[in-house]
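What's in run15.txt: compact mmCIF, C-alpha atoms and all ligand atoms
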# COMPACT_ATOMS: atom_id res chain seq x y z
CA MET A 223 125.97 92.02 106.37
CA GLY A 224 123.54 94.57 107.70
CA VAL A 225 120.72 94.55 110.20
CA PHE A 226 117.93 93.96 107.64
CA TYR A 227 119.67 90.97 106.08
CA GLU A 228 120.48 89.43 109.43
CA ASN A 229 117.15 89.97 111.15
CA TYR A 230 114.38 90.49 108.65
CA CYS A 231 115.26 89.17 105.18
CA ARG A 232 113.10 86.18 104.25
CA ARG A 233 110.98 84.80 101.46
CA LEU A 234 107.52 86.26 100.93
CA VAL A 235 104.51 84.09 100.14
CA VAL A 236 101.91 85.89 97.99
CA GLY A 237 99.00 83.54 97.31
CA SER A 238 100.49 80.66 95.33
CA LEU A 239 103.72 82.57 94.60
CA VAL A 240 106.92 82.55 96.63
CA ALA A 241 109.07 85.65 96.19
CA PRO A 242 112.76 84.98 96.92
CA SER A 243 112.96 88.01 99.23
CA ASN A 244 110.70 90.44 101.05
CA ALA A 245 112.55 93.50 99.70
CA LEU A 246 110.40 94.66 96.78
CA MET A 247 110.94 97.17 93.96
CA ALA A 248 108.13 99.73 93.74
CA PRO A 249 106.34 100.49 90.49
CA ILE A 250 107.86 103.71 89.13
CA TYR A 251 106.31 105.32 86.07
CA GLY A 252 108.90 105.79 83.32
CA CYS A 253 111.48 103.57 85.02
CA THR A 254 110.50 100.03 85.96
CA ASN A 255 110.69 98.56 82.46
CA VAL A 256 111.92 95.05 81.66
CA GLU A 257 115.59 96.06 81.67
CA PHE A 258 115.42 97.83 85.03
CA ARG A 259 113.43 95.01 86.61
CA ARG A 260 116.08 92.51 85.52
CA VAL A 261 118.78 94.59 87.22
CA VAL A 262 117.02 94.76 90.59
CA GLU A 263 115.94 91.12 90.39
CA ASN A 264 119.60 90.17 89.94
CA PHE A 265 120.41 92.13 93.09
CA GLY A 266 117.77 90.15 94.99
CA ALA A 267 114.55 92.20 94.78
CA GLY A 268 111.79 89.71 95.59
CA ILE A 269 109.27 91.26 93.19
CA ALA A 270 109.76 94.13 90.74
CA PHE A 271 106.51 95.64 89.48
CA THR A 272 105.79 97.23 86.11
CA GLU A 273 104.81 100.89 86.14
CA MET A 274 101.08 101.58 86.32
CA THR A 275 99.28 100.52 83.18
CA HIS A 276 95.85 101.92 82.38
CA VAL A 277 93.21 99.22 82.03
CA GLU A 278 91.42 101.15 79.23
CA CYS A 279 94.66 101.49 77.26
CA LEU A 280 95.40 97.79 77.50
CA LEU A 281 91.86 96.95 76.36
CA LYS A 282 92.37 99.29 73.38
CA LYS A 283 95.73 97.59 72.73
CA LYS A 284 97.60 100.89 72.78
CA GLU A 285 101.24 100.35 71.91
CA SER A 286 102.54 102.06 75.08
CA ALA A 287 100.31 99.96 77.35
CA LEU A 288 101.28 96.72 75.62
CA GLU A 289 104.94 97.71 76.05
CA CYS A 290 104.36 98.35 79.79
CA ALA A 291 102.88 94.88 80.12
CA ARG A 292 105.75 93.13 78.31
CA PHE A 293 107.75 90.61 80.33
CA ASP A 294 110.88 88.58 79.74
CA SER A 295 110.09 84.88 79.91
CA ASP A 296 112.64 84.36 82.68
CA GLU A 297 111.47 87.13 85.00
CA LYS A 298 110.76 85.20 88.20
CA ILE A 299 107.50 86.88 89.17
CA LYS A 300 105.79 88.78 86.38
CA ALA A 301 103.99 91.50 88.31
CA LEU A 302 101.78 93.85 86.31
CA GLN A 303 100.40 96.97 87.96
CA LEU A 304 97.00 98.10 86.69
CA ILE A 305 95.18 101.35 87.28
CA GLY A 306 91.50 101.95 86.62
CA GLY A 307 88.25 102.74 88.37
CA GLU A 308 85.63 100.67 86.55
CA PRO A 309 85.14 97.09 87.78
CA ASP A 310 83.61 96.19 84.39
CA LEU A 311 86.79 97.13 82.54
CA PHE A 312 88.83 94.93 84.89
CA ARG A 313 86.34 92.11 84.22
CA ARG A 314 86.78 92.53 80.47
CA LEU A 315 90.54 92.57 80.79
CA VAL A 316 90.55 89.39 82.86
CA GLU A 317 88.27 87.62 80.39
CA GLY A 318 90.59 88.41 77.47
CA SER A 319 94.04 87.02 76.83
CA PHE A 320 95.90 90.15 78.01
CA LEU A 321 97.08 88.65 81.28
CA GLU A 322 98.27 85.26 80.05
CA ASP A 323 101.91 85.94 80.91
CA VAL A 324 101.19 87.63 84.23
CA ASP A 325 101.76 85.93 87.63
CA LEU A 326 100.66 88.76 89.91
CA ILE A 327 98.16 91.55 89.26
CA ASP A 328 98.79 94.61 91.43
CA VAL A 329 96.01 97.19 91.57
CA ASN A 330 97.06 100.80 92.04
CA MET A 331 94.86 102.33 94.74
CA GLY A 332 97.47 104.86 95.81
CA CYS A 333 98.16 107.21 92.90
CA ALA A 334 97.32 110.74 94.08
CA VAL A 335 97.72 112.66 90.80
CA PRO A 336 94.69 115.05 90.83
CA ASP A 337 93.23 113.90 87.46
CA ILE A 338 93.47 110.28 88.52
CA VAL A 339 91.80 110.90 91.87
CA ARG A 340 89.05 113.07 90.33
CA SER A 341 88.16 110.27 87.96
CA GLY A 342 87.73 107.78 90.81
CA ARG A 343 90.96 105.89 90.27
CA GLY A 344 94.12 105.43 92.37
CA CYS A 345 93.83 106.79 95.90
CA ALA A 346 90.13 107.67 95.39
CA LEU A 347 89.41 103.95 95.75
CA VAL A 348 90.61 103.96 99.38
CA HIS A 349 87.48 106.06 99.98
CA ASP A 350 85.16 103.90 97.88
CA LEU A 351 85.26 100.46 99.45
CA PRO A 352 82.42 98.85 97.44
CA ARG A 353 84.02 99.78 94.11
CA ALA A 354 87.50 98.82 95.28
CA SER A 355 86.16 95.46 96.42
CA GLN A 356 84.53 94.79 93.04
CA ILE A 357 87.85 95.54 91.33
CA VAL A 358 89.78 93.11 93.54
CA GLU A 359 87.10 90.45 93.00
CA ALA A 360 87.23 90.98 89.23
CA CYS A 361 91.03 90.55 89.25
CA LYS A 362 90.75 87.39 91.34
CA LYS A 363 88.58 85.82 88.62
CA SER A 364 91.78 85.58 86.59
CA GLY A 365 93.05 82.85 88.90
CA LYS A 366 96.28 84.87 89.33
CA ALA A 367 97.69 86.20 92.58
CA VAL A 368 96.36 89.71 93.30
CA SER A 369 97.85 92.51 95.37
CA VAL A 370 96.77 96.07 96.12
CA LYS A 371 99.01 99.11 96.62
CA CYS A 372 97.34 101.86 98.64
CA ARG A 373 97.86 104.84 100.89
CA PRO A 374 96.23 105.49 104.26
CA GLY A 375 93.78 107.84 102.48
CA MET A 376 93.89 111.27 100.85
CA THR A 377 94.51 112.67 104.36
CA LEU A 378 95.49 110.80 107.51
CA LYS A 379 92.37 112.16 109.22
CA GLU A 380 89.95 110.77 106.65
CA GLY A 381 91.87 107.50 106.37
CA ARG A 382 90.27 104.17 107.20
CA VAL A 383 93.25 101.98 106.52
CA ALA A 384 92.19 99.10 108.79
CA GLU A 385 88.77 98.90 107.17
CA PHE A 386 90.33 99.15 103.73
CA ALA A 387 92.86 96.39 104.51
CA ARG A 388 90.08 94.07 105.73
CA MET A 389 88.06 94.79 102.59
CA CYS A 390 91.08 93.82 100.45
CA GLU A 391 91.51 90.56 102.35
CA GLU A 392 87.81 89.69 102.26
CA SER A 393 87.67 90.41 98.51
CA GLY A 394 90.50 87.94 97.89
CA ALA A 395 93.69 90.02 97.77
CA ASP A 396 96.83 88.01 98.49
CA MET A 397 98.99 90.96 99.61
CA LEU A 398 98.64 94.64 100.50
CA THR A 399 101.31 97.32 100.17
CA VAL A 400 100.78 100.51 102.15
CA HIS A 401 102.64 103.67 101.14
CA GLY A 402 102.51 105.47 104.48
CA ARG A 403 102.11 109.01 103.14
CA PRO A 404 98.56 110.27 102.64
CA GLY A 405 97.59 111.29 99.09
CA GLU A 406 97.70 115.02 99.85
CA MET A 407 101.44 114.67 100.51
CA ARG A 408 102.17 112.86 97.24
CA HIS A 409 105.80 111.68 97.58
CA GLU A 410 107.25 114.06 100.18
CA GLY A 411 107.05 114.39 103.95
CA PRO A 412 106.85 111.96 106.85
CA VAL A 413 105.69 108.39 106.42
CA SER A 414 103.05 107.24 108.90
CA TYR A 415 104.38 104.05 110.47
CA ASP A 416 101.19 104.04 112.56
CA ALA A 417 99.00 103.71 109.46
CA ILE A 418 101.18 100.91 108.09
CA ALA A 419 101.16 99.11 111.47
CA GLU A 420 97.37 99.48 111.70
CA ALA A 421 96.91 97.83 108.31
CA LYS A 422 99.30 95.04 109.28
CA ALA A 423 97.47 94.38 112.55
CA SER A 424 94.09 94.17 110.78
CA VAL A 425 94.66 91.29 108.35
CA ARG A 426 96.34 87.92 107.95
CA ILE A 427 97.55 88.44 104.35
CA PRO A 428 101.10 89.79 104.02
CA VAL A 429 101.42 93.55 104.35
CA VAL A 430 104.37 95.42 102.84
CA GLY A 431 105.46 98.88 104.03
CA ASN A 432 106.52 101.58 101.58
CA GLY A 433 107.78 105.14 101.81
CA GLY A 434 111.08 106.73 102.66
CA VAL A 435 113.20 103.57 102.77
CA CYS A 436 116.62 104.79 101.59
CA THR A 437 119.08 102.68 103.59
CA GLU A 438 119.37 99.26 105.22
CA ALA A 439 118.72 100.95 108.57
CA ASP A 440 115.47 102.46 107.21
CA ALA A 441 114.38 99.03 105.94
CA ALA A 442 115.06 97.46 109.33
CA ALA A 443 113.23 100.30 111.12
CA MET A 444 110.17 99.85 108.90
CA MET A 445 110.07 96.13 109.73
CA ARG A 446 110.71 96.61 113.44
CA GLU A 447 108.32 99.50 114.04
CA THR A 448 105.36 98.36 111.94
CA GLY A 449 105.60 94.55 112.07
CA VAL A 450 105.19 94.32 108.27
CA ASP A 451 106.14 91.24 106.27
CA GLY A 452 108.30 93.11 103.78
CA ILE A 453 109.41 96.50 102.52
CA MET A 454 109.11 98.20 99.15
CA ILE A 455 111.64 100.75 97.88
CA GLY A 456 110.98 103.39 95.23
CA ARG A 457 113.28 106.31 94.51
CA ALA A 458 116.28 105.16 96.53
CA ALA A 459 116.44 101.99 94.42
CA VAL A 460 116.14 103.95 91.17
CA GLU A 461 119.26 105.83 92.23
CA ASN A 462 120.99 102.79 93.66
CA PRO A 463 119.62 99.40 92.54
CA GLU A 464 122.47 97.74 94.45
CA ILE A 465 120.61 98.47 97.69
CA PHE A 466 118.81 95.16 97.10
CA GLY A 467 122.16 93.36 97.16
CA ALA A 468 122.90 94.77 100.60
CA LEU A 469 119.40 93.91 101.86
CA THR A 470 119.28 90.36 100.54
CA GLY A 471 122.91 89.30 100.53
CA LYS A 472 122.75 88.68 96.80
CA SER A 473 125.17 90.27 94.38
CA GLU A 474 124.50 90.63 90.67
CA LYS A 475 125.17 87.55 88.52
C1 LIG A 501 108.43 109.32 89.42
C2 LIG A 501 107.53 108.42 90.20
C3 LIG A 501 106.71 107.54 89.51
C4 LIG A 501 105.85 106.67 90.23
N1 LIG A 501 105.07 105.79 89.54
C5 LIG A 501 104.26 104.93 90.25
C6 LIG A 501 103.47 103.96 89.57
O1 LIG A 501 103.47 103.83 88.33
N2 LIG A 501 102.67 103.18 90.34
C7 LIG A 501 102.63 103.26 91.73
O2 LIG A 501 101.92 102.52 92.38
N3 LIG A 501 103.39 104.17 92.36
C8 LIG A 501 104.20 104.97 91.67
N4 LIG A 501 105.01 105.84 92.35
C9 LIG A 501 105.06 105.77 93.83
C10 LIG A 501 106.16 104.79 94.27
O3 LIG A 501 105.85 103.48 93.87
C11 LIG A 501 106.32 104.81 95.80
O4 LIG A 501 105.10 104.46 96.39
C12 LIG A 501 106.75 106.19 96.31
O5 LIG A 501 107.81 106.73 95.53
C13 LIG A 501 107.18 106.11 97.78
O6 LIG A 501 108.29 105.25 97.93
P1 LIG A 501 109.77 105.86 98.13
O7 LIG A 501 109.67 106.89 99.23
O8 LIG A 501 110.61 104.66 98.48
O9 LIG A 501 110.16 106.49 96.81
C14 LIG A 501 105.84 106.71 91.65
C15 LIG A 501 106.68 107.61 92.33
C16 LIG A 501 107.52 108.45 91.62
C17 LIG A 501 108.42 109.39 92.39
Could you express the structure from this file as structure tokens?
Amino acid sequence: MGVFYENYCRRLVVGSLVAPSNALMAPIYGCTNVEFRRVVENFGAGIAFTEMTHVECLLKKKESALECARFDSDEKIKALQLIGGEPDLFRRLVEGSFLEDVDLIDVNMGCAVPDIVRSGRGCALVHDLPRASQIVEACKKSGKAVSVKCRPGMTLKEGRVAEFARMCEESGADMLTVHGRPGEMRHEGPVSYDAIAEAKASVRIPVVGNGGVCTEADAAAMMRETGVDGIMIGRAAVENPEIFGALTGKSEK
């Protein structure tokens, strides 16, 4: 077994939930549907998130949003990712019956698609702490575990990742995932381990590092160099879901 499994693989406590491993499957639009999540879960992924689901679309009961938020009853941790910028809409969603099946609400504060950012959603929220805080607080009213997925900022220079991480913790978040590339870089280029480490050092809630993990050695390096509690894999796991088997020592049932 490899260096991640031997030195870093462990369970991950997220609020009242216990994920069987700290190797997580990232939300990937157009990919992380029920069937895919079952595959990576069988290979040992501790949590596999839905793709981002727009709060407005769920409230309007759009077919595509309802499909995104569909879970199998035996998925271990039903983790729904939401995207939106209006705390009131999150409040309405939480008050309805939309989230009955959900164990963990993950709020997308990292999406850097220009239309999303312009409308104050995704990564824009890293630069709007009061609004981001109200969204986390609204989600917490559900009584479910809540996590946030963010980036260091739109640029590394403007980033205030430590302040943002503390805001998440103070607002009630149970976990924070930091994709270490700033928004302006979207999904390419170097991942700032410094930004991830800064977030980790600023809070007591678990912090998960994301970005550029393609091999067991990358996963171990992320853990070693940033001190994070877990790692999240995106594209490399879409290409090779079996990577979770190597990381967690679990092979598919
Ligand atoms: C095609 C594609 C779709 C994505 N969809 C989402 C999404 O729905 N929600 C989200 O938070 N991030 C999304 N991401 C970002 C990934 O979750 C992840 O943060 C990013 O790919 C970096 O991780 P990686 O280098 O391991 O791929 C997407 C990325 C790609 C390439």
If I wrap all listed atoms of ligand LIG 501 (chain A) in a box with edges along x, y and z and add 5 Å on each side, what are its centre and edge lengths in Å to one decimal, as AutoDock Vina command-line options?
--center_x 106.3 --center_y 106.0 --center_z 93.8 --size_x 18.7 --size_y 16.9 --size_z 20.9
Please, which residues have at least one atom within 9 Å of an atom of ligand LIG 501 (chain A), using only C-alpha atoms and all ligand atoms, listed as a PDB file with C-alpha atoms, keeping the file's coordinate frame?
ATOM      1  CA  MET A 247     110.940  97.170  93.960  1.00  0.00           C
ATOM      2  CA  ALA A 248     108.130  99.730  93.740  1.00  0.00           C
ATOM      3  CA  PRO A 249     106.340 100.490  90.490  1.00  0.00           C
ATOM      4  CA  ILE A 250     107.860 103.710  89.130  1.00  0.00           C
ATOM      5  CA  TYR A 251     106.310 105.320  86.070  1.00  0.00           C
ATOM      6  CA  GLY A 252     108.900 105.790  83.320  1.00  0.00           C
ATOM      7  CA  CYS A 253     111.480 103.570  85.020  1.00  0.00           C
ATOM      8  CA  THR A 254     110.500 100.030  85.960  1.00  0.00           C
ATOM      9  CA  PHE A 271     106.510  95.640  89.480  1.00  0.00           C
ATOM     10  CA  THR A 272     105.790  97.230  86.110  1.00  0.00           C
ATOM     11  CA  GLU A 273     104.810 100.890  86.140  1.00  0.00           C
ATOM     12  CA  MET A 274     101.080 101.580  86.320  1.00  0.00           C
ATOM     13  CA  THR A 275      99.280 100.520  83.180  1.00  0.00           C
ATOM     14  CA  GLN A 303     100.400  96.970  87.960  1.00  0.00           C
ATOM     15  CA  LEU A 304      97.000  98.100  86.690  1.00  0.00           C
ATOM     16  CA  ILE A 305      95.180 101.350  87.280  1.00  0.00           C
ATOM     17  CA  ASP A 328      98.790  94.610  91.430  1.00  0.00           C
ATOM     18  CA  VAL A 329      96.010  97.190  91.570  1.00  0.00           C
ATOM     19  CA  ASN A 330      97.060 100.800  92.040  1.00  0.00           C
ATOM     20  CA  MET A 331      94.860 102.330  94.740  1.00  0.00           C
ATOM     21  CA  GLY A 332      97.470 104.860  95.810  1.00  0.00           C
ATOM     22  CA  CYS A 333      98.160 107.210  92.900  1.00  0.00           C
ATOM     23  CA  GLY A 344      94.120 105.430  92.370  1.00  0.00           C
ATOM     24  CA  LYS A 371      99.010  99.110  96.620  1.00  0.00           C
ATOM     25  CA  CYS A 372      97.340 101.860  98.640  1.00  0.00           C
ATOM     26  CA  ARG A 373      97.860 104.840 100.890  1.00  0.00           C
ATOM     27  CA  THR A 399     101.310  97.320 100.170  1.00  0.00           C
ATOM     28  CA  VAL A 400     100.780 100.510 102.150  1.00  0.00           C
ATOM     29  CA  HIS A 401     102.640 103.670 101.140  1.00  0.00           C
ATOM     30  CA  GLY A 402     102.510 105.470 104.480  1.00  0.00           C
ATOM     31  CA  ARG A 403     102.110 109.010 103.140  1.00  0.00           C
ATOM     32  CA  ARG A 408     102.170 112.860  97.240  1.00  0.00           C
ATOM     33  CA  HIS A 409     105.800 111.680  97.580  1.00  0.00           C
ATOM     34  CA  GLU A 410     107.250 114.060 100.180  1.00  0.00           C
ATOM     35  CA  VAL A 413     105.690 108.390 106.420  1.00  0.00           C
ATOM     36  CA  ASN A 432     106.520 101.580 101.580  1.00  0.00           C
ATOM     37  CA  GLY A 433     107.780 105.140 101.810  1.00  0.00           C
ATOM     38  CA  GLY A 434     111.080 106.730 102.660  1.00  0.00           C
ATOM     39  CA  VAL A 435     113.200 103.570 102.770  1.00  0.00           C
ATOM     40  CA  CYS A 436     116.620 104.790 101.590  1.00  0.00           C
ATOM     41  CA  MET A 454     109.110  98.200  99.150  1.00  0.00           C
ATOM     42  CA  ILE A 455     111.640 100.750  97.880  1.00  0.00           C
ATOM     43  CA  GLY A 456     110.980 103.390  95.230  1.00  0.00           C
ATOM     44  CA  ARG A 457     113.280 106.310  94.510  1.00  0.00           C
ATOM     45  CA  ALA A 458     116.280 105.160  96.530  1.00  0.00           C
ATOM     46  CA  ALA A 459     116.440 101.990  94.420  1.00  0.00           C
ATOM     47  CA  VAL A 460     116.140 103.950  91.170  1.00  0.00           C
TER      48      VAL A 460
END
Worksheet item: So what do you get for atom CA of A:Ala421 versus atom CA of A:Ala384, distance-wise?
Response: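 Rounded to one decimal, the two atoms are 4.9 Å apart.
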Discussion item. Calculated over only C-alpha atoms, which of the candidates A:Leu239, A:Thr437, A:Leu246, A:Ala301 has the smallest distance to A:Glu461?
Written reply: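 Looking only at the distances to A:Glu461, the closest residue turns out to be A:Thr437.
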Please report as a Markdown table every residue of stretch 339-456 of chain A lying within 8 Å of stretch 230-235 of chain A, along with the nearest atom pair and their distance in Å (one decimal), using only C-alpha atoms.
| residue | atom | partner | partner_atom | distance |
| --- | --- | --- | --- | --- |
| A:Pro428 | CA | A:Val235 | CA | 7.7 |
| A:Ala442 | CA | A:Tyr230 | CA | 7.0 |
| A:Met445 | CA | A:Tyr230 | CA | 7.2 |
| A:Asp451 | CA | A:Leu234 | CA | 7.4 |
| A:Gly452 | CA | A:Leu234 | CA | 7.5 |
Worksheet entry | All residues 9 Å or closer to stretch 261-269 of chain A, all atoms listed in the file, same chain fewer than 6 positions away omitted, as a ChimeraX atom specification | /A:233-234,240-248,297-301,459,463-475
Mind dumping the selected residues with C-alpha atoms as a tab-separated table (two decimals), keeping the file's coordinate frame?
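For reference, result-v8.tsv as written:
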chain	number	residue	atom	x	y	z
A	233	ARG	CA	110.98	84.80	101.46
A	234	LEU	CA	107.52	86.26	100.93
A	240	VAL	CA	106.92	82.55	96.63
A	241	ALA	CA	109.07	85.65	96.19
A	242	PRO	CA	112.76	84.98	96.92
A	243	SER	CA	112.96	88.01	99.23
A	244	ASN	CA	110.70	90.44	101.05
A	245	ALA	CA	112.55	93.50	99.70
A	246	LEU	CA	110.40	94.66	96.78
A	247	MET	CA	110.94	97.17	93.96
A	248	ALA	CA	108.13	99.73	93.74
A	297	GLU	CA	111.47	87.13	85.00
A	298	LYS	CA	110.76	85.20	88.20
A	299	ILE	CA	107.50	86.88	89.17
A	300	LYS	CA	105.79	88.78	86.38
A	301	ALA	CA	103.99	91.50	88.31
A	459	ALA	CA	116.44	101.99	94.42
A	463	PRO	CA	119.62	99.40	92.54
A	464	GLU	CA	122.47	97.74	94.45
A	465	ILE	CA	120.61	98.47	97.69
A	466	PHE	CA	118.81	95.16	97.10
A	467	GLY	CA	122.16	93.36	97.16
A	468	ALA	CA	122.90	94.77	100.60
A	469	LEU	CA	119.40	93.91	101.86
A	470	THR	CA	119.28	90.36	100.54
A	471	GLY	CA	122.91	89.30	100.53
A	472	LYS	CA	122.75	88.68	96.80
A	473	SER	CA	125.17	90.27	94.38
A	474	GLU	CA	124.50	90.63	90.67
A	475	LYS	CA	125.17	87.55	88.52
Worksheet item: Suppose you want the space between atom CA of A:Arg313 and atom CA of A:Ile427; what is it in Å?
Response: 23.3 Å
Can you tell me, as a compact mmCIF listing (two decimals) with C-alpha atoms, in the frame of the given file, what residues are no more than 7 Å from A:Phe312 when counting all atoms listed in the file, ignoring any on the same chain fewer than 6 positions away?
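Output below, filename selection.txt:
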# COMPACT_ATOMS: atom_id res chain seq x y z
CA VAL A 277 93.21 99.22 82.03
CA ILE A 357 87.85 95.54 91.33
CA ALA A 360 87.23 90.98 89.23
CA CYS A 361 91.03 90.55 89.25
Worksheet item: What separation in Å, quoted to one decimal, exists between atom CA of A:Thr448 and atom CA of A:Gly375?
Response: 17.7 Å
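The shortest atom-to-atom distance to A:Asp310, with only C-alpha atoms taken into account, belongs to A:Glu359 out of A:Asn462, A:Ala334, A:Glu359, A:Leu326.
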Worksheet item: A:Val430, A:Leu280, A:Ala419, A:Val370: which is nearest A:Met389, counting all atoms listed in the file?
Response: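 The answer is A:Val370, which sits nearest to A:Met389.
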Worksheet item: From the set A:Arg353, A:Arg260, A:Lys366, A:Arg343, which residue has the shortest atom-to-atom contact distance to A:Glu322, counting only C-alpha atoms?
Response: A:Lys366
Residue rebuild result stretch 289-304 of chain A, N, CA, C and O atoms as a short mmCIF file (atom, residue, chain, number, x, y, z; two decimals), keeping the file's coordinate frame:
data_model
loop_
_atom_site.label_atom_id
_atom_site.label_comp_id
_atom_site.auth_asym_id
_atom_site.auth_seq_id
_atom_site.Cartn_x
_atom_site.Cartn_y
_atom_site.Cartn_z
N GLU A 289 103.51 97.71 75.72
CA GLU A 289 104.94 97.71 76.05
C GLU A 289 105.13 97.63 77.58
O GLU A 289 105.99 96.92 78.08
N CYS A 290 104.28 98.39 78.32
CA CYS A 290 104.36 98.35 79.79
C CYS A 290 104.13 96.94 80.31
O CYS A 290 104.70 96.54 81.32
N ALA A 291 103.27 96.21 79.63
CA ALA A 291 102.88 94.88 80.12
C ALA A 291 103.72 93.77 79.49
O ALA A 291 103.34 92.61 79.52
N ARG A 292 104.88 94.14 78.94
CA ARG A 292 105.75 93.13 78.31
C ARG A 292 106.73 92.57 79.35
O ARG A 292 107.33 93.32 80.11
N PHE A 293 106.85 91.26 79.37
CA PHE A 293 107.75 90.61 80.33
C PHE A 293 108.78 89.76 79.59
O PHE A 293 108.51 89.27 78.50
N ASP A 294 109.93 89.58 80.22
CA ASP A 294 110.88 88.58 79.74
C ASP A 294 110.43 87.23 80.27
O ASP A 294 109.97 87.15 81.41
N SER A 295 110.62 86.18 79.47
CA SER A 295 110.09 84.88 79.91
C SER A 295 110.76 84.41 81.21
O SER A 295 110.16 83.69 81.99
N ASP A 296 112.01 84.85 81.46
CA ASP A 296 112.64 84.36 82.68
C ASP A 296 112.57 85.33 83.86
O ASP A 296 113.26 85.14 84.86
N GLU A 297 111.73 86.35 83.78
CA GLU A 297 111.47 87.13 85.00
C GLU A 297 110.78 86.21 86.01
O GLU A 297 109.80 85.53 85.64
N LYS A 298 111.24 86.21 87.24
CA LYS A 298 110.76 85.20 88.20
C LYS A 298 109.28 85.38 88.53
O LYS A 298 108.50 84.46 88.49
N ILE A 299 108.92 86.60 88.90
CA ILE A 299 107.50 86.88 89.17
C ILE A 299 107.09 88.04 88.28
O ILE A 299 107.62 89.15 88.42
N LYS A 300 106.21 87.76 87.36
CA LYS A 300 105.79 88.78 86.38
C LYS A 300 104.63 89.55 87.01
O LYS A 300 103.51 89.05 87.06
N ALA A 301 104.94 90.74 87.50
CA ALA A 301 103.99 91.50 88.31
C ALA A 301 103.56 92.76 87.56
O ALA A 301 104.35 93.69 87.40
N LEU A 302 102.32 92.74 87.11
CA LEU A 302 101.78 93.85 86.31
C LEU A 302 100.94 94.75 87.20
O LEU A 302 100.00 94.28 87.85
N GLN A 303 101.25 96.06 87.21
CA GLN A 303 100.40 96.97 87.96
C GLN A 303 99.36 97.59 87.03
O GLN A 303 99.69 98.14 85.98
N LEU A 304 98.11 97.54 87.47
CA LEU A 304 97.00 98.10 86.69
C LEU A 304 96.40 99.28 87.44
O LEU A 304 96.35 99.28 88.67
#
